[in-house]
Amino acid sequence: MQKRFLTIWFRYLKTDWLTRRRPALVHTPFVLAAPDHGRMIITAVNIPAQKQGINRDMVLADARAIYPSLQYMEDKQEPSGKLLQTIAAWCIRYSPWVVADPPDGLILDITGCTHLWGGETTYLTSIINRFKLMGYTVRTGIADTIGASWAIARFGKDNFIVETGQQEQALLDLPASALRLSPEIIERLHKLGLRETGSFIHMPRSALRRRFGEELLQRIDQALGNKEEITVPVLQPEPWQERLPCLEPITTRTGIEIALQRLLESLCKRLQLQQKGLRVACFKCYRIDGKTQQIETGTNRGSYKVSHLFKLFELKLDTIEPDLGIELFVLEASKVEDAPATQENLWEGTCGLADIKFSELIDRIEGKIGAGHIHRYLPDEHYWPERSVKPAVTLHEKITMAWNTDRPRPVQLLSIPEPIQVTAPIPDYPPMNFRYKQKLHTVKKADGPERIEAEWWLQEGQHRDYYVVEDAEGQRYWLFRSGHYEEGHEWFIHGFFA
Amino acid sequence: MSYTELQVTTNFSFLRGASHPDELINQAAAFGYKEIAITDRNSFAGLVRAHAATKEKDIRIIPACRLDLSDGYSLLAYPTNKNAYSQLSALLTGGNLRTEKGQCLLYKADVYRHAIDMKFIVVPPAMLNNSFHFEPAFEQMLKEYKDVFGKELYIAASRRYYGDDNKQLYRLSQLAEQLQIPLVATNDVHYHTAKRRQLQDVLTCIREKCTIHTAGFRLHPNAERYLKAKEEMLRLFRQYPDAIKRTQEIAEACRFSLNELKYEYPEELTAEGRTPLEELTYLTWQGATQCFGDQVPENTINIIRHELDFIEKMNYANYFLTVHDIVRFARSQNILCQGRGSAANSTICYCLGITSIDPVKFDLLFERFISSARNEPPDIDVDFEHERREEVIQYIYDKYGRDRAAIVATVTQQHQKGALRDVAKAMGISVDTINRLTNSMWDSIAEWVNEKQIAEQGLDLKDKHLRKTLQLTRQYMGFPRQLGQHTGGFVITKGKLSDLCPILNARMENRTCIEWNKDDIDALGFLKVDVLALGMLTCIRKAFELAKKHYCKAYTLANIPQDDPAVYEMICHADTIGVFQIESRAQQSMLPRLKPRCFYDLVIEVAIVRPGPIQGDMVHPYLRRRNNEEKVEYPSDELKEILERTLGVPLFQEQAMKIAIVAAEFTPAEADELRRSMATFKLQGMVTKFEKKLIDGMMKRGYSYEYAHRVFKQLEGFGSYGFPESHAASFALLVYVSSWLKCYYPDAFACALLNSMPMGFYQPAQIVIDAKKHGVEVRPADINHSTWDNLLEQLNGKYCAIRLGFRQVKGLREEDMQVLVTGRKNTFACIRELLNLGLSKTTLEKLADADAFRSIGLDRRRALWEISACNDQPVGIFKGQTSADPAEEKVILPHMSEAEHVIRDYKAISLSLKAHPVSFVREKLELLHIVPTQQLSVMHDGDKVKVAGLVTIRQRPGTAEGVCFVTIEDETGIANLVVFPNIFETFRKELLQASLFMAEGKLQVEGEVIHVIVQRCYDLSPLIQNLTATKEKSSRLMPLSRADESISSANAVAKRKQKITREESLFPRGRNFR
């Protein structure tokens, strides 16, 4: 069967994508730019900006001189490749064999696909319209070879279909760059006055080889179909999802438990193979009456341990109402993370955060009392005591700095300092006694002051002079005076030492 | 009991200290301190500023330094006398020179070697360890220090409010007791008031390259490092009164003052045992006989005697000898040089050959430039050829040694944009917001950003964080940022320079400089010699060489025939492309109005088109008076004397300053300070103070407010671009010499100019066109005729023909072309010969691009065709066989049109000798009723006109309030366009983007000065772009005209786009000037 290829060219890939996310940009000229040798070079231009005469490869400053209110964003190089992959994966509905052609093209092997749409023309229209709806401007070309379809998409008539065997004819009028040549070769062809493909395609091969090397000949051959081109299609990633349809509707708890157990087993097996661990999972039960029941659970550490996960779900199984019966179970892991397999320890229970049993315990407690009741704190780089600790986001969040031990800090820090009455000699001596919760404490020993200034970029306010004091009963407290002794000042208690 | 602060960090410890030295001194004086030490980190850079700030105050500084060591605890070092100071300076020099710029690498062993007569304070670590002791390493080090420094060693005790101050002090006092090292109180001052703590935090962030939110413990926890009142310090150290007393002990011992530094001239310049003055006298008279012949005119003799007396009185003989020595060296190496500056226009300098202007003839009196009353050091700047100045610099280093000669530093200050950028980054503001902020600022020295501009950028000024950022930026502006290298100011001393000031490596290889800048060394009375670079001198020297070679004339700056009317005639017609200084648009339009007829007119011409006179609105009054359209009057008799030479209008810096002295009763020193303040202190808002004083002073003496205001405006202009008469005179000479060359040897002049590129205002294309206009034949670069430099060939008519050199061809390397030239035994007959010389294929292709193969009968396209196949040669057994397929010979390349050739010429050498690109579209332009530029001169004022051409220059000078001056060029000549700001905004795209630009507007004719006042602009670039496109086969592929262009036909867009990217860079983009 004669091979047929479709090339899709996204002329404004990055800007179209951005406009999709921020529709307000539709009529605003904007560009993407990336630093290059200390200058910002424009890497992508949207249509309104192009109308203003702004083009790719211009220096951003020049473009802004031409059009001062030009919007620009920094071009983060990474997403474009990923974006193209995503679109390629989406295109699998049109052909099983889709190749991403960076930076902004797709190549589809459409051999034997088009009849499903009723022919190449309708096939093409369908694709173009779908992309147009999504907000992407595309240009396409269909031909016998990748090279020819590439050339037509970029340089030929709009959305042109080259009949089988006609590629040579179609190429003749196109510029040399339609052959996917390196810039040096194109430059040289131009200098020699060989602008169109037709002006050199029939020259003696040896004359071309001597001057332009193998590349030109290869590209010509590829475009004409004398040589096959090999490419690698994209693969669609499989989602972390398992399904279990039931012949008979399930109504019993045991039945649900068995379903959950099976789904967990197959999902965990997949996870383990890819060294992933589950963080958040959702168990969905589709009832025959069309309603869905679901329970969700989460872990503190990526896990692929069936028994543990089962226990977590088990706590919530009661909430599922099977009603007339469940016909489909789906288990979905919406959040997974890397969970490299660790070598098992000879003696279990190493304690500490690394211990899996510990994290599983927390998972279970949280499952019972609800999330958000167990906290972990980490030191934070702030002098201001209230900000010197912060809650950790995860169980294994790495400590970024050592706990500061060079200053005395109380074991219990009040989240809001409480005012106290004191008798203190000025200017900056520690208090002689203080009254806290109706009780008068006589200060026997004291150390300080430690002056901590307000973090002016976060809050205005006075500095604090902290004192560590010990009362007659040997209890130690952390007191501070807010503000300078000369001006209005107040005393507070902020913590208790052991 | 009194207290002296002994540990003070100024903002010359870059990104540590948060106060200027003078702020610290003023604060200390206000607190009643009698002395204060300045201890910057491994640097003396802030000392002189602090020293200068103590003037007229009852306080002195103790010059000192904090030594941060690579292998030990930091030491504060206090020299007790001049010798110790020199030791310390030498120590820092050693540390600086062994590492790269901006760093200082010191070891404790270095300090031990330079410890004589020095007192030291060791800075203890900030923390006690877990057992409330100092680290054992510290005690160990203390013992070592004690062994070396003995009783000169102290320990610093500071109260930092860290909570364990009492413990620390107790431990320190224990250590002090145990090791017999006395405690001394310091407060480790980083800023003069606690309010600066915020700025100091930001500086820390800038230094650590983090933001205020991530800085964490890198900041100080509190604001206690401010300069505290003495009473407060006494209170804090009430338990350790001895520590306070010791500050006095140290302060008493350190009586050294920077005033003791005596600058001394190098002495080896005299011969035969003469004193410097005798030597100078001897050389002067010797020179006088050479200049004036045996019969030196009576008048000149008197002037020389008078000047010598003056020099003797001021003791400047050595200075003149130093300059003379440098100039003598340059002469011996055939490096052209020319002196300028206040003292350069003396008869003595003329006799010594430092300048080529005969001051007697031009009536440039010495006294006008230099007066004993002002007691300012003489100033001679010497300009050298820019390509060869390095030789002179290295000569100075060699002659005096690196320990005796060094370049003066320039302290670069934080300007508005840079300061904002740094502070905003430290405050964690996002990059695009920063860009918006900085974009809203135009001029780095203009007034502070106004709220409107910021609001226009869509930023909310009510936002506290933003307001704080701007407020801190304002404080940060004017902070020293780094020590740079002055453009060429040398300090040369008799003894070791490092005895006076630390020397450090400059960023450029083989350069060393000192830590102090020009104001600092002025304040200490050091003298510097400016060794500057000037491109025009290179050009003139090359022109002289060409004249010698081809016309057998030996010219020097001094023997060019003077006062040649033909030269002035040429200047009056603004025929000055390439000429020094008077080639710019503004100058060219001034020349026909001013009509210079004598040398002094040139002096005025040079000075008048400058921001000073323009901002002060002095230009038009002068022109009117000169053309007898306005009566010459003087505001008062006392000013008549000053202003007579310039018809009552102040044009020179000296005049403006003298007005301040005479009319506003400034002291000469104040006047000088005023001028300096414009340039140096602008950032600190000192200007308004002077403005009031000047205007009030003048009005008190009966001058009108307008006049006073104008004088002030002019002074302001001079601040940034000072142009004193003495400099103008020296420049005028070069103007005359270059004009003379252009007038009589346009061939040699153009050739020299091309060989000295890049310089000046114009690009090679304009210079070549101008040379052709003057009847010089210009021939293309060719493999059989050219060398690297442009050449003069045999006489052809009146002038020699210029042969373009390979240096004009883009992308060629000089070494490759040397190979080609040396390999050119006979003429080359085929490409193969070039290849056999070892030239690479790329080089040959570059030559083909430049169409340099014509002499062997190949045009660029055919040559490229041949060259591209060159690599493929039969080897081994196939040697000798032809490599080409016989079929290949039949290949016919597309014909290359003349227009295409021209455009390729532009691409390869930025100019074309074949034709002007515009000439190919002339027919089309005529259809649009566009006139050739030449025709403008026969049209009338007020005519409506359309012109088109390539944009060569766009200029938006700061003085013109946004008016843009554009010069366009077509095949017949050039046209000068004036674009007003509203038109500029409307047609910005066309103005900045069009390679073929068309303007429609009104003609303004004023004598010979013709301008087009632009009303509409068009971009005709497609006309030119079409020139290269071959005849397309199908109409479908023809680029659509702009009107048809619709975005849906991405095809056409893609095609057009491709074409544009291909052709757009063909023409040199017009140069933009501010």
# chains A, B, ... in the order shown; residues from 1 in each chain; ligands from 1
$ interface_residues --of "chain A" --to "chain B" --cutoff "6 Å" --atoms "only C-alpha atoms" --output "PyMOL selection string"
chain A and resi 66+192-193+207+210-211+381-382+448-453
$ write_last_selection --atoms "N, CA, C and O atoms" --output "tab-separated table (two decimals), in the first residue's frame"
chain	number	residue	atom	x	y	z
A	66	ILE	N	9.98	49.60	18.63
A	66	ILE	CA	9.00	49.74	17.56
A	66	ILE	C	7.60	49.81	18.13
A	66	ILE	O	6.78	50.61	17.72
A	192	LEU	N	24.20	31.32	-4.61
A	192	LEU	CA	24.40	30.86	-5.98
A	192	LEU	C	23.17	31.12	-6.83
A	192	LEU	O	23.13	30.75	-8.00
A	193	GLY	N	22.17	31.76	-6.23
A	193	GLY	CA	20.98	32.08	-7.00
A	193	GLY	C	20.03	30.92	-7.13
A	193	GLY	O	19.09	30.97	-7.90
A	207	ALA	N	27.70	16.91	-9.04
A	207	ALA	CA	27.97	18.34	-8.86
A	207	ALA	C	27.41	18.81	-7.53
A	207	ALA	O	28.05	19.59	-6.82
A	210	ARG	N	29.52	17.29	-4.47
A	210	ARG	CA	30.81	17.94	-4.25
A	210	ARG	C	30.64	19.26	-3.50
A	210	ARG	O	31.51	19.69	-2.75
A	211	ARG	N	29.55	19.94	-3.76
A	211	ARG	CA	29.42	21.27	-3.18
A	211	ARG	C	28.62	21.32	-1.88
A	211	ARG	O	28.85	22.14	-1.04
A	381	GLU	N	14.59	30.13	59.02
A	381	GLU	CA	15.61	31.15	59.24
A	381	GLU	C	15.01	32.51	59.54
A	381	GLU	O	14.96	33.38	58.68
A	382	HIS	N	14.53	32.66	60.75
A	382	HIS	CA	14.03	33.96	61.17
A	382	HIS	C	14.49	34.21	62.60
A	382	HIS	O	14.46	33.31	63.41
A	448	GLY	N	20.21	38.54	79.97
A	448	GLY	CA	19.72	39.31	78.83
A	448	GLY	C	20.27	40.72	78.86
A	448	GLY	O	21.18	40.99	79.64
A	449	PRO	N	19.79	41.60	78.07
A	449	PRO	CA	18.74	41.39	77.09
A	449	PRO	C	19.28	40.86	75.77
A	449	PRO	O	20.42	41.10	75.43
A	450	GLU	N	18.41	40.16	75.06
A	450	GLU	CA	18.70	39.81	73.67
A	450	GLU	C	17.74	40.65	72.84
A	450	GLU	O	16.53	40.53	72.97
A	451	ARG	N	18.31	41.53	72.05
A	451	ARG	CA	17.45	42.46	71.32
A	451	ARG	C	17.16	41.89	69.93
A	451	ARG	O	18.07	41.56	69.18
A	452	ILE	N	15.89	41.77	69.62
A	452	ILE	CA	15.50	41.27	68.29
A	452	ILE	C	14.63	42.34	67.63
A	452	ILE	O	13.62	42.77	68.18
A	453	GLU	N	15.11	42.74	66.47
A	453	GLU	CA	14.41	43.80	65.75
A	453	GLU	C	13.29	43.19	64.92
A	453	GLU	O	13.39	42.06	64.45
$ residues_around --residues "stretch 270-278 of chain A" --least-positions-apart "3" --cutoff "6 Å" --atoms "only C-alpha atoms" --output "PyMOL selection string"
chain A and resi 267+302-304+336-340
$ write_last_selection --atoms "C-alpha atoms" --output "PDB file, in the first residue's frame"
ATOM      1  CA  LEU A 267      -2.369  -1.216  41.016  1.00  0.00           C
ATOM      2  CA  GLY A 302       4.494   7.036  48.817  1.00  0.00           C
ATOM      3  CA  SER A 303       3.337   3.483  49.412  1.00  0.00           C
ATOM      4  CA  TYR A 304       2.633   0.414  47.329  1.00  0.00           C
ATOM      5  CA  VAL A 336       2.010   9.263  43.057  1.00  0.00           C
ATOM      6  CA  GLU A 337       5.623   9.930  43.823  1.00  0.00           C
ATOM      7  CA  ASP A 338       8.923   8.160  43.354  1.00  0.00           C
ATOM      8  CA  ALA A 339       9.323   5.399  45.895  1.00  0.00           C
ATOM      9  CA  PRO A 340      12.598   3.675  45.223  1.00  0.00           C
TER      10      PRO A 340
END
$ residues_around --residues "A:Ile54" --least-positions-apart "6" --cutoff "12 Å" --atoms "only C-alpha atoms" --output "number ranges by chain"
A: 29-32, 41-48, 60-68, 70-72; B: 989-990, 992-993, 1057, 1060-1061
$ write_last_selection --atoms "N, CA, C and O atoms" --output "short mmCIF file (atom, residue, chain, number, x, y, z; two decimals), in the first residue's frame"
data_model
loop_
_atom_site.label_atom_id
_atom_site.label_comp_id
_atom_site.auth_asym_id
_atom_site.auth_seq_id
_atom_site.Cartn_x
_atom_site.Cartn_y
_atom_site.Cartn_z
N PRO A 29 -0.80 42.28 21.28
CA PRO A 29 0.48 41.83 20.72
C PRO A 29 1.40 41.38 21.85
O PRO A 29 1.63 42.13 22.79
N PHE A 30 1.82 40.17 21.81
CA PHE A 30 2.80 39.75 22.81
C PHE A 30 3.79 38.76 22.20
O PHE A 30 3.54 38.15 21.16
N VAL A 31 4.92 38.67 22.86
CA VAL A 31 5.99 37.79 22.36
C VAL A 31 6.58 37.02 23.52
O VAL A 31 6.39 37.37 24.68
N LEU A 32 7.27 35.98 23.19
CA LEU A 32 8.08 35.28 24.17
C LEU A 32 9.54 35.57 23.84
O LEU A 32 9.90 35.68 22.67
N ILE A 41 16.23 37.71 23.17
CA ILE A 41 15.89 37.46 21.78
C ILE A 41 14.47 36.89 21.72
O ILE A 41 14.11 36.01 22.50
N ILE A 42 13.69 37.41 20.80
CA ILE A 42 12.31 36.96 20.68
C ILE A 42 12.29 35.56 20.09
O ILE A 42 12.93 35.28 19.08
N THR A 43 11.53 34.67 20.74
CA THR A 43 11.49 33.30 20.27
C THR A 43 10.13 32.92 19.71
O THR A 43 10.01 31.93 19.01
N ALA A 44 9.11 33.67 20.07
CA ALA A 44 7.79 33.38 19.53
C ALA A 44 6.98 34.66 19.50
O ALA A 44 7.13 35.52 20.36
N VAL A 45 6.14 34.79 18.47
CA VAL A 45 5.39 36.01 18.25
C VAL A 45 3.95 35.62 17.99
O VAL A 45 3.69 34.66 17.27
N ASN A 46 2.99 36.33 18.57
CA ASN A 46 1.62 36.00 18.21
C ASN A 46 1.17 36.86 17.03
O ASN A 46 1.91 37.75 16.57
N ILE A 47 -0.01 36.58 16.53
CA ILE A 47 -0.41 37.22 15.28
C ILE A 47 -0.50 38.75 15.40
O ILE A 47 0.05 39.46 14.57
N PRO A 48 -1.17 39.27 16.46
CA PRO A 48 -1.22 40.74 16.55
C PRO A 48 0.16 41.37 16.58
O PRO A 48 0.38 42.44 16.00
N LEU A 60 14.62 41.86 21.75
CA LEU A 60 13.41 42.34 22.40
C LEU A 60 13.40 43.87 22.51
O LEU A 60 12.40 44.52 22.26
N ALA A 61 14.56 44.42 22.86
CA ALA A 61 14.63 45.87 23.04
C ALA A 61 14.27 46.60 21.74
O ALA A 61 13.58 47.62 21.76
N ASP A 62 14.72 46.04 20.61
CA ASP A 62 14.40 46.66 19.32
C ASP A 62 12.90 46.60 19.08
O ASP A 62 12.28 47.56 18.62
N ALA A 63 12.32 45.43 19.39
CA ALA A 63 10.90 45.28 19.17
C ALA A 63 10.12 46.25 20.03
O ALA A 63 9.13 46.83 19.59
N ARG A 64 10.58 46.43 21.24
CA ARG A 64 9.87 47.35 22.13
C ARG A 64 10.07 48.80 21.71
O ARG A 64 9.26 49.66 22.03
N ALA A 65 11.16 49.05 21.01
CA ALA A 65 11.34 50.39 20.46
C ALA A 65 10.30 50.65 19.38
O ALA A 65 9.78 51.74 19.23
N ILE A 66 9.98 49.60 18.63
CA ILE A 66 9.00 49.74 17.56
C ILE A 66 7.60 49.81 18.13
O ILE A 66 6.78 50.61 17.72
N TYR A 67 7.34 48.96 19.12
CA TYR A 67 6.00 48.90 19.67
C TYR A 67 6.12 48.90 21.20
O TYR A 67 6.23 47.84 21.82
N PRO A 68 6.12 50.09 21.78
CA PRO A 68 6.50 50.20 23.20
C PRO A 68 5.64 49.40 24.16
O PRO A 68 6.13 48.90 25.15
N LEU A 70 4.42 46.56 23.85
CA LEU A 70 4.49 45.12 23.56
C LEU A 70 4.61 44.33 24.87
O LEU A 70 5.43 44.61 25.70
N GLN A 71 3.72 43.34 25.01
CA GLN A 71 3.80 42.47 26.17
C GLN A 71 4.82 41.39 25.89
O GLN A 71 4.94 40.93 24.76
N TYR A 72 5.52 41.00 26.94
CA TYR A 72 6.40 39.87 26.69
C TYR A 72 6.50 39.00 27.93
O TYR A 72 6.26 39.43 29.03
N LYS B 989 7.55 52.79 14.25
CA LYS B 989 7.88 51.53 13.61
C LYS B 989 8.65 51.78 12.31
O LYS B 989 9.69 51.20 12.07
N GLU B 990 8.11 52.66 11.50
CA GLU B 990 8.76 52.95 10.23
C GLU B 990 10.16 53.52 10.47
O GLU B 990 11.12 53.14 9.83
N LEU B 992 12.16 53.19 12.93
CA LEU B 992 13.18 52.31 13.49
C LEU B 992 13.43 51.10 12.62
O LEU B 992 14.45 50.45 12.74
N GLN B 993 12.47 50.76 11.77
CA GLN B 993 12.56 49.48 11.12
C GLN B 993 12.90 49.54 9.64
O GLN B 993 13.56 48.66 9.13
N LYS B 1057 8.03 36.42 5.64
CA LYS B 1057 8.84 36.42 6.84
C LYS B 1057 10.22 35.88 6.54
O LYS B 1057 11.24 36.42 6.90
N ILE B 1060 12.16 38.37 4.73
CA ILE B 1060 12.62 39.49 5.54
C ILE B 1060 13.82 39.08 6.37
O ILE B 1060 14.82 39.75 6.40
N THR B 1061 13.70 37.92 7.02
CA THR B 1061 14.84 37.56 7.85
C THR B 1061 16.08 37.39 6.99
O THR B 1061 17.19 37.52 7.45
#
$ closest_atom_pairs --of "stretch 235-353 of chain A" --to "stretch 361-370 of chain A" --cutoff "10 Å" --atoms "only C-alpha atoms" --output "JSON lines"
{"residue": "A:Thr297", "atom": "CA", "partner": "A:Gly367", "partner_atom": "CA", "distance": 7.7}
{"residue": "A:Gly298", "atom": "CA", "partner": "A:Asp363", "partner_atom": "CA", "distance": 7.5}
{"residue": "A:Thr299", "atom": "CA", "partner": "A:Asp363", "partner_atom": "CA", "distance": 5.6}
{"residue": "A:Asn300", "atom": "CA", "partner": "A:Asp363", "partner_atom": "CA", "distance": 6.4}
{"residue": "A:Arg301", "atom": "CA", "partner": "A:Asp363", "partner_atom": "CA", "distance": 8.8}
{"residue": "A:His308", "atom": "CA", "partner": "A:Arg364", "partner_atom": "CA", "distance": 8.8}
{"residue": "A:Leu309", "atom": "CA", "partner": "A:Asp363", "partner_atom": "CA", "distance": 9.4}
{"residue": "A:Lys311", "atom": "CA", "partner": "A:Arg364", "partner_atom": "CA", "distance": 7.8}
{"residue": "A:Leu312", "atom": "CA", "partner": "A:Arg364", "partner_atom": "CA", "distance": 6.3}
{"residue": "A:Phe313", "atom": "CA", "partner": "A:Gly367", "partner_atom": "CA", "distance": 8.6}
{"residue": "A:Glu314", "atom": "CA", "partner": "A:Gly367", "partner_atom": "CA", "distance": 9.7}
{"residue": "A:Leu315", "atom": "CA", "partner": "A:Gly367", "partner_atom": "CA", "distance": 7.0}
{"residue": "A:Lys316", "atom": "CA", "partner": "A:Gly367", "partner_atom": "CA", "distance": 8.4}
$ residues_around --residues "B:Leu537" --least-positions-apart "4" --cutoff "10 Å" --atoms "only C-alpha atoms" --output "PyMOL selection string"
chain B and resi 335-338+383-387+533+541-543+557+580+734+738+756
$ residues_around --residues "A:Thr7" --least-positions-apart "6" --cutoff "6 Å" --atoms "only C-alpha atoms" --output "ChimeraX atom specification"
/A:106-107,140-141,149-150
$ write_last_selection --atoms "all heavy atoms" --output "compact mmCIF listing (two decimals), in the first residue's frame"
# COMPACT_ATOMS: atom_id res chain seq x y z
N LEU A 106 4.08 18.19 13.82
CA LEU A 106 3.74 16.79 14.05
C LEU A 106 3.74 16.09 12.70
O LEU A 106 3.39 16.68 11.68
CB LEU A 106 2.35 16.66 14.66
CG LEU A 106 2.10 17.17 16.06
CD1 LEU A 106 0.66 16.91 16.44
CD2 LEU A 106 3.02 16.50 17.05
N ILE A 107 4.15 14.83 12.71
CA ILE A 107 4.06 14.05 11.48
C ILE A 107 3.20 12.82 11.77
O ILE A 107 3.45 12.11 12.74
CB ILE A 107 5.46 13.63 11.00
CG1 ILE A 107 6.28 14.87 10.68
CG2 ILE A 107 5.36 12.73 9.77
CD1 ILE A 107 7.75 14.61 10.57
N THR A 140 -1.24 22.43 7.15
CA THR A 140 -1.02 21.01 6.96
C THR A 140 -0.64 20.70 5.53
O THR A 140 -0.78 21.53 4.64
CB THR A 140 -2.32 20.23 7.25
OG1 THR A 140 -3.34 20.75 6.40
CG2 THR A 140 -2.74 20.38 8.68
N GLY A 141 -0.16 19.50 5.35
CA GLY A 141 0.12 19.03 4.00
C GLY A 141 0.09 17.52 4.00
O GLY A 141 0.53 16.88 4.96
N SER A 149 5.39 16.28 2.51
CA SER A 149 4.30 16.83 3.30
C SER A 149 4.81 17.95 4.20
O SER A 149 4.15 18.96 4.42
CB SER A 149 3.63 15.73 4.12
OG SER A 149 4.49 15.27 5.14
N TRP A 150 6.01 17.82 4.70
CA TRP A 150 6.64 18.86 5.53
C TRP A 150 6.75 20.14 4.71
O TRP A 150 6.41 21.24 5.17
CB TRP A 150 8.04 18.38 5.95
CG TRP A 150 8.66 19.15 7.06
CD1 TRP A 150 8.63 18.84 8.39
CD2 TRP A 150 9.44 20.35 6.95
NE1 TRP A 150 9.33 19.77 9.11
CE2 TRP A 150 9.83 20.71 8.25
CE3 TRP A 150 9.83 21.15 5.88
CZ2 TRP A 150 10.61 21.83 8.52
CZ3 TRP A 150 10.60 22.28 6.14
CH2 TRP A 150 10.99 22.62 7.46
$ residues_around --residues "stretch 779-783 of chain B" --least-positions-apart "4" --cutoff "9 Å" --atoms "only C-alpha atoms" --output "list in words"
Thr787, Asn790, Ala801, Ile802, Arg803, Leu804, Gly805, Phe806, Gln808, Val809, Leu820, Val821, Arg824, Thr827, Phe828, Leu847, Ala850, Asp851, Ala852, Phe853, Arg854, Ser855, Ile856, Ser912 and Leu913 of chain B
$ atom_distance --atom1 "atom CA of B:Arg404" --atom2 "atom CA of B:Leu47"
20.5 Å
$ select_by_dssp --residues "stretch 57-289 of chain B" --states "alpha helix (DSSP H)" --output "PyMOL selection string"
chain B and resi 82-97+108-113+136-149+165-179+197-208+230-236+241-253+276-289
$ closest_residue --among "A:Phe10, A:Tyr123, A:Phe283, A:Trp384" --to "A:Gln459" --atoms "only C-alpha atoms"
A:Trp384
$ residues_around --residues "B:His620" --least-positions-apart "4" --cutoff "12 Å" --atoms "only C-alpha atoms" --output "ChimeraX atom specification"
/B:590,593-594,608-609,613-616,624-627,629-630,649-651
